[in-house]
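The file data_16.cif contains mmCIF, C-alpha atoms:
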```
data_protein
loop_
_atom_site.label_atom_id
_atom_site.label_comp_id
_atom_site.auth_asym_id
_atom_site.auth_seq_id
_atom_site.Cartn_x
_atom_site.Cartn_y
_atom_site.Cartn_z
CA VAL A 423 25.40 -28.47 17.69
CA GLY A 424 25.52 -25.21 15.80
CA GLU A 425 27.01 -22.13 17.38
CA TYR A 426 27.09 -23.18 21.01
CA SER A 427 30.42 -23.79 22.64
CA THR A 428 30.97 -25.95 25.70
CA ASP A 429 32.29 -23.05 27.80
CA ASN A 430 28.81 -21.42 27.81
CA THR A 431 30.33 -18.00 27.08
CA ASN A 432 28.42 -17.78 23.81
CA LEU A 433 25.02 -17.97 25.54
CA ARG A 434 23.70 -14.42 25.48
CA SER A 435 19.94 -14.84 25.75
CA LEU A 436 17.25 -17.05 27.25
CA ASP A 437 16.25 -18.16 23.75
CA GLN A 438 19.76 -19.49 23.12
CA ILE A 439 19.71 -21.39 26.41
CA LEU A 440 16.36 -22.93 25.51
CA VAL A 441 17.73 -24.00 22.12
CA LEU A 442 20.75 -25.53 23.86
CA ALA A 443 18.42 -27.36 26.27
CA LYS A 444 16.75 -29.03 23.27
CA ILE A 445 20.04 -29.88 21.56
CA ASN A 446 22.08 -30.95 24.57
CA PRO A 447 20.23 -30.95 27.91
CA LEU A 448 23.27 -32.31 29.74
CA GLN A 449 25.15 -29.12 28.82
CA VAL A 450 22.42 -27.11 30.56
CA LEU A 451 22.67 -29.52 33.49
CA CYS A 452 26.33 -28.56 33.89
CA MET A 453 25.29 -24.94 34.41
CA LEU A 454 22.95 -25.69 37.33
CA PRO A 455 25.54 -25.58 40.17
CA ASP A 456 26.10 -21.91 39.35
CA VAL A 457 22.41 -20.96 39.19
CA MET A 458 20.72 -23.26 41.73
CA PRO A 459 22.07 -23.19 45.31
CA GLU A 460 20.82 -26.70 46.12
CA VAL A 461 22.67 -28.22 43.17
CA GLY A 462 25.78 -26.22 44.01
CA LYS A 463 25.64 -27.46 47.61
CA ALA A 464 25.33 -31.09 46.51
CA VAL A 465 28.32 -30.74 44.18
CA TRP A 466 30.29 -28.97 46.92
CA ASN A 467 29.58 -31.83 49.34
CA GLY A 468 30.69 -34.45 46.85
CA LEU A 469 33.91 -32.64 45.96
CA ARG A 470 34.89 -31.86 49.55
CA LEU A 471 34.09 -35.32 50.90
CA GLY A 472 35.14 -37.45 47.95
CA CYS A 473 37.86 -35.57 46.05
CA GLY A 474 39.82 -33.83 48.77
CA GLU A 475 43.50 -34.21 49.44
CA ASN A 476 44.52 -37.84 50.04
CA SER A 477 40.98 -39.07 49.32
CA VAL A 478 42.42 -41.33 46.59
CA ARG A 479 45.93 -42.75 46.61
CA LEU A 480 47.36 -44.62 43.63
CA LYS A 481 50.07 -47.12 44.37
CA ALA A 482 52.14 -49.65 42.44
CA MET A 483 51.80 -53.27 43.54
CA LYS A 484 54.02 -56.31 42.89
CA PRO A 485 53.85 -60.00 43.87
CA SER A 486 55.37 -60.87 47.21
CA LYS A 487 58.24 -63.30 47.50
CA ASN A 488 55.94 -66.23 48.10
CA GLY A 489 53.98 -65.37 44.99
CA MET A 490 50.69 -65.66 46.82
CA ASP A 491 50.21 -62.08 47.96
CA VAL A 492 50.93 -58.63 46.59
CA MET A 493 52.91 -55.84 48.19
CA GLU A 494 53.54 -52.20 47.39
CA ALA A 495 56.47 -51.30 45.16
CA PRO A 496 57.86 -48.00 46.54
CA ASP A 497 59.73 -47.08 43.36
CA GLY A 498 56.60 -47.56 41.26
CA THR A 499 54.45 -45.56 43.67
CA GLU A 500 57.00 -42.74 43.62
CA ALA A 501 56.96 -42.75 39.80
CA ILE A 502 53.17 -42.36 39.89
CA LYS A 503 53.45 -39.47 42.35
CA GLU A 504 55.98 -37.82 40.07
CA LEU A 505 53.52 -38.06 37.18
CA TRP A 506 50.83 -36.19 39.13
CA ARG A 507 53.29 -33.58 40.40
CA ASN A 508 54.25 -32.69 36.83
CA LEU A 509 50.75 -32.29 35.40
CA PRO A 510 49.99 -28.94 33.70
CA SER A 511 48.65 -26.23 36.00
CA GLU A 512 45.37 -26.31 34.10
CA VAL A 513 44.81 -29.84 35.35
CA GLY A 514 46.51 -29.59 38.73
CA SER A 515 47.62 -32.55 40.76
CA LEU A 516 45.90 -35.91 41.14
CA GLU A 517 43.17 -34.13 43.11
CA GLY A 518 42.62 -31.72 40.22
CA ALA A 519 42.25 -34.50 37.65
CA LEU A 520 40.03 -36.47 40.03
CA THR A 521 37.82 -33.42 40.61
CA GLN A 522 37.30 -32.84 36.89
CA ASN A 523 36.52 -36.51 36.29
CA PHE A 524 34.11 -36.49 39.25
CA LEU A 525 32.24 -33.49 37.83
CA MET A 526 31.97 -35.07 34.39
CA THR A 527 30.66 -38.27 35.97
CA LEU A 528 27.99 -36.35 37.89
CA PHE A 529 26.74 -34.38 34.91
CA SER A 530 27.36 -36.66 31.93
CA GLY A 531 27.46 -40.19 33.32
CA MET A 532 31.03 -40.89 32.26
CA CYS A 533 34.57 -39.51 32.45
CA ALA A 534 37.65 -39.87 30.29
CA VAL A 535 41.28 -38.82 30.13
CA GLU A 536 43.97 -38.74 27.48
CA ALA A 537 47.50 -39.76 28.45
CA VAL A 538 50.20 -38.06 26.38
CA PRO A 539 53.44 -40.09 26.19
CA GLY A 540 56.73 -38.33 26.80
CA ALA A 541 60.14 -39.06 25.36
CA ARG A 542 61.38 -42.64 25.13
CA ASN A 543 61.65 -44.29 28.56
CA LYS A 544 60.19 -41.18 30.21
CA GLY A 545 56.70 -42.55 30.68
CA VAL A 546 53.59 -40.41 30.33
CA ALA A 547 54.25 -36.69 30.12
CA GLU A 548 50.72 -35.33 30.65
CA VAL A 549 47.24 -36.54 31.57
CA TRP A 550 44.32 -34.45 30.32
CA PRO A 551 40.71 -34.91 31.52
CA ILE A 552 38.28 -34.75 28.59
CA ASP A 553 34.96 -32.95 28.38
CA THR A 554 32.86 -36.05 27.81
CA LEU A 555 29.96 -33.99 26.46
CA THR A 556 32.08 -33.57 23.33
CA LEU A 557 32.47 -37.34 22.87
CA ARG A 558 30.54 -39.84 20.79
CA PHE A 559 30.99 -43.61 20.57
CA LYS A 560 31.31 -45.47 17.29
CA ARG A 561 31.16 -49.25 17.07
CA ASP A 562 33.63 -51.02 14.81
CA THR A 563 31.77 -53.27 12.38
CA GLU A 564 34.53 -55.92 12.48
CA THR A 565 35.64 -56.07 16.11
CA LYS A 566 32.25 -54.91 17.47
CA HIS A 567 34.15 -52.79 20.00
CA VAL A 568 33.39 -49.13 20.56
CA SER A 569 35.83 -46.28 20.06
CA LEU A 570 35.60 -42.64 21.01
CA TRP A 571 35.29 -39.71 18.64
CA GLN A 572 35.54 -36.11 19.80
CA ARG A 573 33.86 -33.03 18.42
CA GLN A 574 36.58 -30.62 17.30
CA ARG A 575 35.95 -26.91 16.89
CA VAL A 576 37.85 -24.26 14.98
CA TRP A 577 36.54 -20.75 15.57
CA GLY A 578 36.60 -18.55 12.50
CA PHE A 579 35.46 -15.04 11.61
CA HIS A 580 33.86 -13.52 8.57
CA LYS A 581 33.31 -9.84 7.93
CA ASP A 582 29.57 -10.36 7.44
CA LEU A 583 29.09 -13.03 10.11
CA ASP A 584 29.51 -13.42 13.85
CA ARG A 585 31.89 -15.97 15.30
CA LYS A 586 31.14 -19.38 13.80
CA ALA A 587 32.34 -22.91 14.59
CA PHE A 588 33.73 -25.24 11.96
CA GLY A 589 34.82 -28.82 12.22
CA GLY A 590 33.40 -32.22 13.09
CA TYR A 591 34.19 -35.45 14.94
CA VAL A 592 37.64 -37.01 14.85
CA PRO A 593 38.72 -40.39 16.26
CA LEU A 594 40.68 -40.46 19.50
CA PRO A 595 43.73 -42.72 20.06
CA MET A 596 42.14 -45.50 22.10
CA ASP A 597 45.52 -46.92 23.14
CA ARG A 598 45.98 -43.92 25.42
CA VAL A 599 42.46 -42.58 25.95
CA PHE A 600 40.77 -44.18 28.93
CA TRP A 601 37.13 -43.86 29.94
CA LYS A 602 34.63 -45.17 32.46
CA SER A 603 30.85 -44.81 32.54
CA MET A 604 28.41 -45.15 35.43
CA ASP A 605 25.25 -47.24 35.63
CA GLY A 606 24.73 -47.60 31.90
CA PHE A 607 22.11 -49.85 30.33
CA PRO A 608 23.16 -52.65 27.94
CA ASP A 609 24.47 -51.25 24.65
CA ASP A 610 24.70 -47.80 26.26
CA PRO A 611 28.35 -46.98 26.97
CA TYR A 612 27.51 -43.37 27.84
CA GLY A 613 26.23 -44.26 31.30
CA ARG A 614 23.66 -42.33 33.31
CA ALA A 615 24.34 -38.94 34.88
CA PRO A 616 23.59 -39.04 38.64
CA MET A 617 22.48 -35.40 38.51
CA ALA A 618 20.19 -35.76 35.49
CA ALA A 619 17.04 -36.22 37.58
CA ALA A 620 17.60 -32.78 39.11
CA LEU A 621 16.91 -30.94 35.85
CA ASN A 622 13.11 -31.20 35.96
CA VAL A 623 13.03 -30.46 39.69
CA VAL A 624 15.18 -27.37 39.19
CA LEU A 625 12.77 -26.09 36.54
CA ASP A 626 9.88 -26.67 38.97
CA MET A 627 11.74 -24.83 41.74
CA ILE A 628 12.57 -21.88 39.50
CA ALA A 629 8.94 -21.63 38.36
CA PHE A 630 7.72 -21.84 41.96
CA MET A 631 10.10 -19.13 43.21
CA LYS A 632 9.29 -16.88 40.26
CA ASP A 633 5.54 -17.22 40.87
CA LEU A 634 5.99 -16.70 44.61
CA LEU A 635 8.05 -13.52 44.18
CA LEU A 636 5.60 -12.17 41.62
CA ALA A 637 2.64 -12.90 43.90
CA TRP A 638 4.42 -11.29 46.83
CA HIS A 639 5.17 -8.22 44.77
CA ARG A 640 1.56 -7.89 43.58
CA VAL A 641 -0.50 -8.80 46.63
CA GLY A 642 1.83 -9.82 49.41
CA THR A 643 3.45 -6.43 49.98
CA PRO A 644 1.02 -4.03 51.73
CA LYS A 645 -0.19 -1.17 49.56
CA TRP A 646 -1.99 2.06 50.37
CA ASP A 647 -5.67 2.33 49.57
CA VAL A 648 -6.58 6.03 49.39
CA GLY A 649 -10.23 7.02 49.10
CA PHE A 650 -11.18 10.17 47.16
CA ASP A 651 -14.42 12.03 48.01
CA TYR A 652 -15.83 12.94 44.58
CA GLU A 653 -19.09 14.31 46.00
CA MET A 654 -17.30 16.74 48.28
CA HIS A 655 -15.15 18.12 45.46
CA ALA A 656 -18.21 18.44 43.20
CA ARG A 657 -19.95 20.46 45.94
CA ILE A 658 -16.87 22.67 46.36
CA ALA A 659 -16.81 23.26 42.61
CA ARG A 660 -20.43 24.46 42.64
CA GLU A 661 -20.68 26.24 45.98
CA GLN A 662 -17.17 27.60 46.51
CA MET A 663 -15.82 27.98 42.98
CA GLY A 664 -19.15 29.05 41.42
CA LEU A 665 -18.94 26.60 38.54
CA THR A 666 -22.18 25.65 36.81
CA ASP A 667 -21.10 24.02 33.59
CA LYS A 668 -20.97 20.22 33.90
CA GLN A 669 -17.75 19.87 31.93
CA GLN A 670 -16.05 22.55 34.05
CA ILE A 671 -17.11 20.77 37.25
CA GLU A 672 -15.78 17.44 35.94
CA LYS A 673 -12.54 19.16 34.90
CA TYR A 674 -12.16 20.63 38.39
CA ILE A 675 -12.72 17.24 40.06
CA GLU A 676 -10.25 15.56 37.69
CA ASP A 677 -7.59 18.19 38.43
CA GLU A 678 -8.10 17.77 42.18
CA PHE A 679 -7.87 13.98 41.85
CA ASN A 680 -4.64 14.15 39.82
CA TYR A 681 -3.19 16.63 42.32
CA THR A 682 -4.00 14.29 45.20
CA VAL A 683 -2.44 11.29 43.43
CA GLU A 684 0.69 13.27 42.59
CA LEU A 685 0.95 14.59 46.13
CA PHE A 686 0.63 11.13 47.69
CA ASN A 687 3.10 9.50 45.27
CA SER A 688 5.69 12.19 46.00
CA LEU A 689 5.65 11.67 49.76
CA GLU A 690 8.87 10.70 51.46
CA ALA A 691 8.98 7.82 53.91
CA ASP A 692 8.65 10.08 56.96
CA ASP A 693 6.18 12.63 55.47
CA THR A 694 2.68 13.04 56.86
CA PHE A 695 -0.27 12.87 54.51
CA PHE A 696 -3.09 15.35 55.18
CA HIS A 697 -6.52 14.85 53.65
CA ASP A 698 -10.14 15.75 54.17
CA ILE A 699 -12.16 14.03 56.88
CA LYS A 700 -14.27 11.81 54.64
CA SER A 701 -11.42 10.49 52.51
CA GLU A 702 -9.87 7.33 53.93
CA VAL A 703 -6.31 5.98 53.77
CA LYS A 704 -5.94 2.24 54.36
CA ALA A 705 -3.26 -0.39 53.93
CA ASN A 706 -4.27 -3.63 52.27
CA GLY A 707 -2.56 -6.80 51.12
CA SER A 708 -3.03 -10.53 51.14
CA GLY A 709 -3.15 -10.71 54.91
CA GLY A 710 -3.70 -14.30 56.00
CA ALA A 711 -5.07 -15.38 52.62
CA TRP A 712 -1.82 -17.02 51.47
CA PRO A 713 -1.93 -20.76 50.74
CA ASN A 714 0.31 -23.16 52.63
CA ILE A 715 3.53 -22.11 50.90
CA ASP A 716 5.76 -24.03 53.31
CA GLN A 717 4.07 -27.30 52.46
CA VAL A 718 4.47 -26.78 48.71
CA TYR A 719 8.10 -25.73 49.13
CA ASN A 720 8.88 -28.73 51.34
CA ILE A 721 7.52 -31.08 48.66
CA LEU A 722 9.79 -29.48 46.06
CA ARG A 723 12.74 -29.44 48.44
CA TRP A 724 12.43 -33.15 49.21
CA ARG A 725 12.14 -33.94 45.51
CA MET A 726 15.33 -31.94 44.97
CA ILE A 727 17.19 -33.83 47.70
CA MET A 728 16.10 -37.15 46.22
CA ALA A 729 17.03 -36.07 42.68
CA LEU A 730 20.48 -34.99 43.87
CA LYS A 731 20.88 -38.28 45.79
CA GLU A 732 21.93 -36.29 48.82
CA MET A 733 21.83 -36.89 52.54
CA PRO A 734 19.22 -34.44 53.97
CA THR A 735 21.51 -33.34 56.81
CA LEU A 736 24.20 -32.33 54.32
CA MET A 737 21.61 -30.15 52.57
CA GLY A 738 20.71 -28.33 55.78
CA VAL A 739 17.52 -30.33 56.40
CA VAL A 740 17.72 -31.62 59.97
CA GLU A 741 14.88 -33.71 61.35
CA GLY A 742 14.59 -35.75 64.50
CA ASN A 743 16.33 -38.93 63.38
CA THR A 744 17.70 -41.41 65.87
CA GLU A 745 21.44 -41.99 66.09
CA THR A 746 21.02 -45.44 64.53
CA TRP A 747 19.05 -44.14 61.56
CA SER A 748 21.47 -41.24 61.05
CA SER A 749 24.33 -43.75 60.93
CA VAL A 750 22.50 -45.85 58.33
CA ASP A 751 21.68 -42.74 56.33
CA TRP A 752 25.36 -41.75 56.28
CA GLN A 753 26.47 -45.26 55.25
CA ILE A 754 24.06 -45.22 52.31
CA TYR A 755 25.29 -41.79 51.19
CA ALA A 756 28.95 -42.80 51.65
CA LYS A 757 28.48 -45.92 49.49
CA GLY A 758 27.02 -43.82 46.69
CA LEU A 759 29.86 -41.31 46.96
CA GLU A 760 32.46 -44.08 46.91
CA ALA A 761 30.92 -45.46 43.72
CA GLU A 762 31.10 -42.05 42.01
CA VAL A 763 34.71 -41.51 43.11
CA ALA A 764 35.64 -45.01 41.89
CA VAL A 765 34.32 -44.17 38.42
CA ALA A 766 36.24 -40.86 38.43
CA ALA A 767 39.46 -42.60 39.49
CA ALA A 768 39.28 -45.51 37.03
CA PRO A 769 40.69 -43.65 33.97
CA LEU A 770 43.44 -42.18 36.14
CA ILE A 771 44.44 -45.67 37.28
CA GLN A 772 44.70 -46.74 33.64
CA ALA A 773 46.77 -43.67 32.78
CA ALA A 774 49.12 -44.42 35.68
CA GLN A 775 49.35 -48.04 34.49
CA LEU A 776 50.43 -46.85 31.03
CA HIS A 777 53.00 -44.59 32.71
CA LEU A 778 54.61 -47.54 34.49
CA GLN A 779 54.55 -49.67 31.33
CA LEU A 780 56.37 -46.96 29.36
CA LEU A 781 58.91 -46.74 32.19
CA GLY A 782 59.47 -50.48 32.00
CA MET A 783 58.13 -51.14 35.49
CA PRO A 784 56.19 -54.45 35.71
CA TYR A 785 53.79 -53.32 38.40
CA ILE A 786 50.03 -53.17 38.77
CA VAL A 787 48.39 -49.89 39.76
CA GLU A 788 45.74 -49.94 42.47
CA ALA A 789 43.80 -47.23 44.28
#
```
Produce structure tokens that represent the structure in this file.
Amino acid sequence: VGEYSTDNTNLRSLDQILVLAKINPLQVLCMLPDVMPEVGKAVWNGLRLGCGENSVRLKAMKPSKNGMDVMEAPDGTEAIKELWRNLPSEVGSLEGALTQNFLMTLFSGMCAVEAVPGARNKGVAEVWPIDTLTLRFKRDTETKHVSLWQRQRVWGFHKDLDRKAFGGYVPLPMDRVFWKSMDGFPDDPYGRAPMAAALNVVLDMIAFMKDLLLAWHRVGTPKWDVGFDYEMHARIAREQMGLTDKQQIEKYIEDEFNYTVELFNSLEADDTFFHDIKSEVKANGSGGAWPNIDQVYNILRWRMIMALKEMPTLMGVVEGNTETWSSVDWQIYAKGLEAEVAVAAAPLIQAAQLHLQLLGMPYIVEA
């Protein structure tokens, strides 16, 4: 993808952002929570409600004595907890890894982690969430299974060039890289980003707000309308100043006009403006000629809420719903949130399962 890095720090101009939008629109989508309050609010809601402390608990399960049921294995669960406690600070605890996977699911349609084995019989040492926008699938011609390749970058410098990226795609170790996609079509392992529909609506909202602010600046804000009495100043030039030459009279009127403009533009907020009797000073603006802005904005706002798959109340839109309908609305939103969290947690469950296997614990990990 050329010179653009995934941390967005190399984007210095609108032109570069537009180029990135053509090359990788999902990368632009990831930037929206920081530039569009509605998107940021939706992400905030999802993280606080779905990825908070104790929102997901991973536990080790073993068959009960009768062999018909399963029961929790405390030693296995404690080993899983120890894994999350020892993750690098960059990742954080289980909540940190879950949060990063949740964000990647929202904005790319899939999430993935790499589990790094430790010393022998020490289990997994580290679990690293992966930026799934750097991943590509490749199907094996023999097994027909897909494997993941990641775009690697090495930043180099040249005396005659700016910073430039080198490198390409390298295969990932699929025995310890775990991934999960959301709502993908057949033969599409990448999944579908829940937030993708918001991109077009955001562009519409930005265009609407830009046009609205520009219109308000031009015609919405009241402006002074100052009348200038040309005939009076022409009469003064002839009768009082004794001018007879046409060009001299026009020069006198022009000087008086420029003086009046300069005087008015230099007034302070609390200054009084004195003028002749016939000249008029008025304030004008759009008055009541504005279109129904609220109606247009409400259409865009509802489209945004639908695109973000949000509950209107959580976005600050409160309408007169009944208690029954509000309950149904919440249940629908909660089911969607649970599905997103389940996708984010799936690779972490697999990483924890590998951890127990390397420790020699014959347990099954569940969330």
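If you measure from each of A:Val648, A:Leu722, A:Val535, A:Val683 to Asp597 of chain A using only C-alpha atoms, the closest one turns out to be A:Val535.
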Counting all atoms listed in the file, which residues of segment 476-587 of chain A fall within 10 Å of segment 601-623 of chain A, and what is the closest atom pair for each with its distance in Å at one decimal, ordered by chain and rising number, as a tab-separated table?
```
residue	atom	partner	partner_atom	distance
A:Asn523	CA	A:Lys602	CA	9.7
A:Leu525	CA	A:Met617	CA	10.0
A:Met526	CA	A:Ala615	CA	8.6
A:Thr527	CA	A:Ala615	CA	6.4
A:Leu528	CA	A:Pro616	CA	5.2
A:Phe529	CA	A:Ala615	CA	5.2
A:Ser530	CA	A:Ala615	CA	4.8
A:Gly531	CA	A:Ala615	CA	3.7
A:Met532	CA	A:Ser603	CA	3.9
A:Cys533	CA	A:Trp601	CA	5.6
A:Ala534	CA	A:Trp601	CA	4.0
A:Val535	CA	A:Trp601	CA	6.5
A:Glu536	CA	A:Trp601	CA	8.9
A:Pro551	CA	A:Trp601	CA	9.8
A:Ile552	CA	A:Trp601	CA	9.3
A:Thr554	CA	A:Tyr612	CA	9.1
A:Leu555	CA	A:Tyr612	CA	9.8
A:Leu557	CA	A:Tyr612	CA	9.3
A:Arg558	CA	A:Tyr612	CA	8.4
A:Phe559	CA	A:Pro611	CA	7.7
A:Val568	CA	A:Pro611	CA	8.4
A:Leu570	CA	A:Trp601	CA	9.1
```
Inset, instruction - List the neighbours of segment 496-509 of chain A out to 12 Å using all atoms listed in the file; skip same-chain residues closer than 5 positions along the sequence, and give me the result as number ranges by chain. - result: A: 476, 478-484, 514-520, 537-540, 544-551, 770-789
Inset, instruction - For atom CA of Cys473 of chain A and atom CA of Pro769 of chain A, quote the distance in Å rounded to one decimal. - result: 14.8 Å
Inset, instruction - With a distance cut-off of 10 Å and all atoms listed in the file, select the neighbouring residues of segment 723-734 of chain A, excluding the residue or stretch itself and same-chain residues fewer than 6 positions from it, and output the selection as JSON, numbers by chain. - result: {"A": [460, 461, 463, 464, 465, 467, 468, 528, 616, 617, 618, 619, 620, 621, 622, 623, 624, 626, 627, 717, 740, 741, 748, 751, 752, 753, 754, 755, 756, 758, 759]}
Inset, instruction - Mind giving me the straight-line distance from atom CA of Val765 of chain A to atom CA of Val457 of chain A in Å, one decimal? - result: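 Atom CA of Val457 of chain A lies at a distance of 26.1 Å from atom CA of Val765 of chain A.
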Legend entry - Coordinates-based distance that separates atom CA of His639 of chain A from atom CA of Asp693 of chain A (Å, one decimal): 23.5 Å
Would you mind exporting segment 548-564 of chain A with N, CA, C and O atoms, as a JSON list (two decimals), in the first residue's frame?
```
[["chain", "number", "residue", "atom", "x", "y", "z"],
["A", 548, "GLU", "N", 3.28, -15.30, 25.90],
["A", 548, "GLU", "CA", 2.66, -14.04, 25.54],
["A", 548, "GLU", "C", 1.55, -14.28, 24.53],
["A", 548, "GLU", "O", 1.60, -15.24, 23.75],
["A", 549, "VAL", "N", 0.56, -13.40, 24.55],
["A", 549, "VAL", "CA", -0.52, -13.41, 23.56],
["A", 549, "VAL", "C", -0.61, -12.01, 22.98],
["A", 549, "VAL", "O", -0.82, -11.04, 23.71],
["A", 550, "TRP", "N", -0.45, -11.90, 21.65],
["A", 550, "TRP", "CA", -0.41, -10.59, 21.00],
["A", 550, "TRP", "C", -1.59, -10.45, 20.02],
["A", 550, "TRP", "O", -1.67, -11.19, 19.05],
["A", 551, "PRO", "N", -2.49, -9.50, 20.27],
["A", 551, "PRO", "CA", -3.51, -9.20, 19.24],
["A", 551, "PRO", "C", -2.84, -8.67, 17.98],
["A", 551, "PRO", "O", -1.82, -7.99, 18.04],
["A", 552, "ILE", "N", -3.41, -9.01, 16.84],
["A", 552, "ILE", "CA", -2.84, -8.65, 15.54],
["A", 552, "ILE", "C", -3.72, -7.62, 14.85],
["A", 552, "ILE", "O", -4.95, -7.70, 14.90],
["A", 553, "ASP", "N", -3.07, -6.65, 14.21],
["A", 553, "ASP", "CA", -3.81, -5.70, 13.38],
["A", 553, "ASP", "C", -4.27, -6.45, 12.13],
["A", 553, "ASP", "O", -3.48, -6.70, 11.22],
["A", 554, "THR", "N", -5.54, -6.80, 12.09],
["A", 554, "THR", "CA", -6.03, -7.65, 11.00],
["A", 554, "THR", "C", -6.07, -6.92, 9.66],
["A", 554, "THR", "O", -6.25, -7.57, 8.62],
["A", 555, "LEU", "N", -5.91, -5.61, 9.65],
["A", 555, "LEU", "CA", -5.84, -4.89, 8.38],
["A", 555, "LEU", "C", -4.52, -5.15, 7.67],
["A", 555, "LEU", "O", -4.36, -4.79, 6.50],
["A", 556, "THR", "N", -3.57, -5.76, 8.36],
["A", 556, "THR", "CA", -2.29, -6.11, 7.74],
["A", 556, "THR", "C", -2.29, -7.56, 7.25],
["A", 556, "THR", "O", -1.26, -8.03, 6.75],
["A", 557, "LEU", "N", -3.41, -8.27, 7.38],
["A", 557, "LEU", "CA", -3.45, -9.69, 7.06],
["A", 557, "LEU", "C", -4.10, -9.94, 5.71],
["A", 557, "LEU", "O", -4.97, -9.20, 5.26],
["A", 558, "ARG", "N", -3.66, -11.00, 5.07],
["A", 558, "ARG", "CA", -4.27, -11.50, 3.86],
["A", 558, "ARG", "C", -4.34, -13.03, 3.95],
["A", 558, "ARG", "O", -3.44, -13.67, 4.50],
["A", 559, "PHE", "N", -5.41, -13.59, 3.40],
["A", 559, "PHE", "CA", -5.56, -15.05, 3.38],
["A", 559, "PHE", "C", -4.99, -15.62, 2.08],
["A", 559, "PHE", "O", -5.09, -15.00, 1.02],
["A", 560, "LYS", "N", -4.43, -16.80, 2.18],
["A", 560, "LYS", "CA", -3.97, -17.53, 1.00],
["A", 560, "LYS", "C", -4.44, -18.97, 1.13],
["A", 560, "LYS", "O", -4.26, -19.61, 2.17],
["A", 561, "ARG", "N", -5.06, -19.48, 0.08],
["A", 561, "ARG", "CA", -5.61, -20.83, 0.12],
["A", 561, "ARG", "C", -4.58, -21.84, -0.41],
["A", 561, "ARG", "O", -4.01, -21.66, -1.48],
["A", 562, "ASP", "N", -4.36, -22.88, 0.37],
["A", 562, "ASP", "CA", -3.44, -23.93, -0.03],
["A", 562, "ASP", "C", -4.05, -24.75, -1.16],
["A", 562, "ASP", "O", -5.20, -25.21, -1.06],
["A", 563, "THR", "N", -3.32, -24.95, -2.23],
["A", 563, "THR", "CA", -3.86, -25.64, -3.40],
["A", 563, "THR", "C", -4.08, -27.13, -3.14],
["A", 563, "THR", "O", -4.89, -27.76, -3.83],
["A", 564, "GLU", "N", -3.39, -27.69, -2.14],
["A", 564, "GLU", "CA", -3.53, -29.12, -1.86],
["A", 564, "GLU", "C", -4.60, -29.37, -0.80],
["A", 564, "GLU", "O", -5.53, -30.15, -1.00]]
```
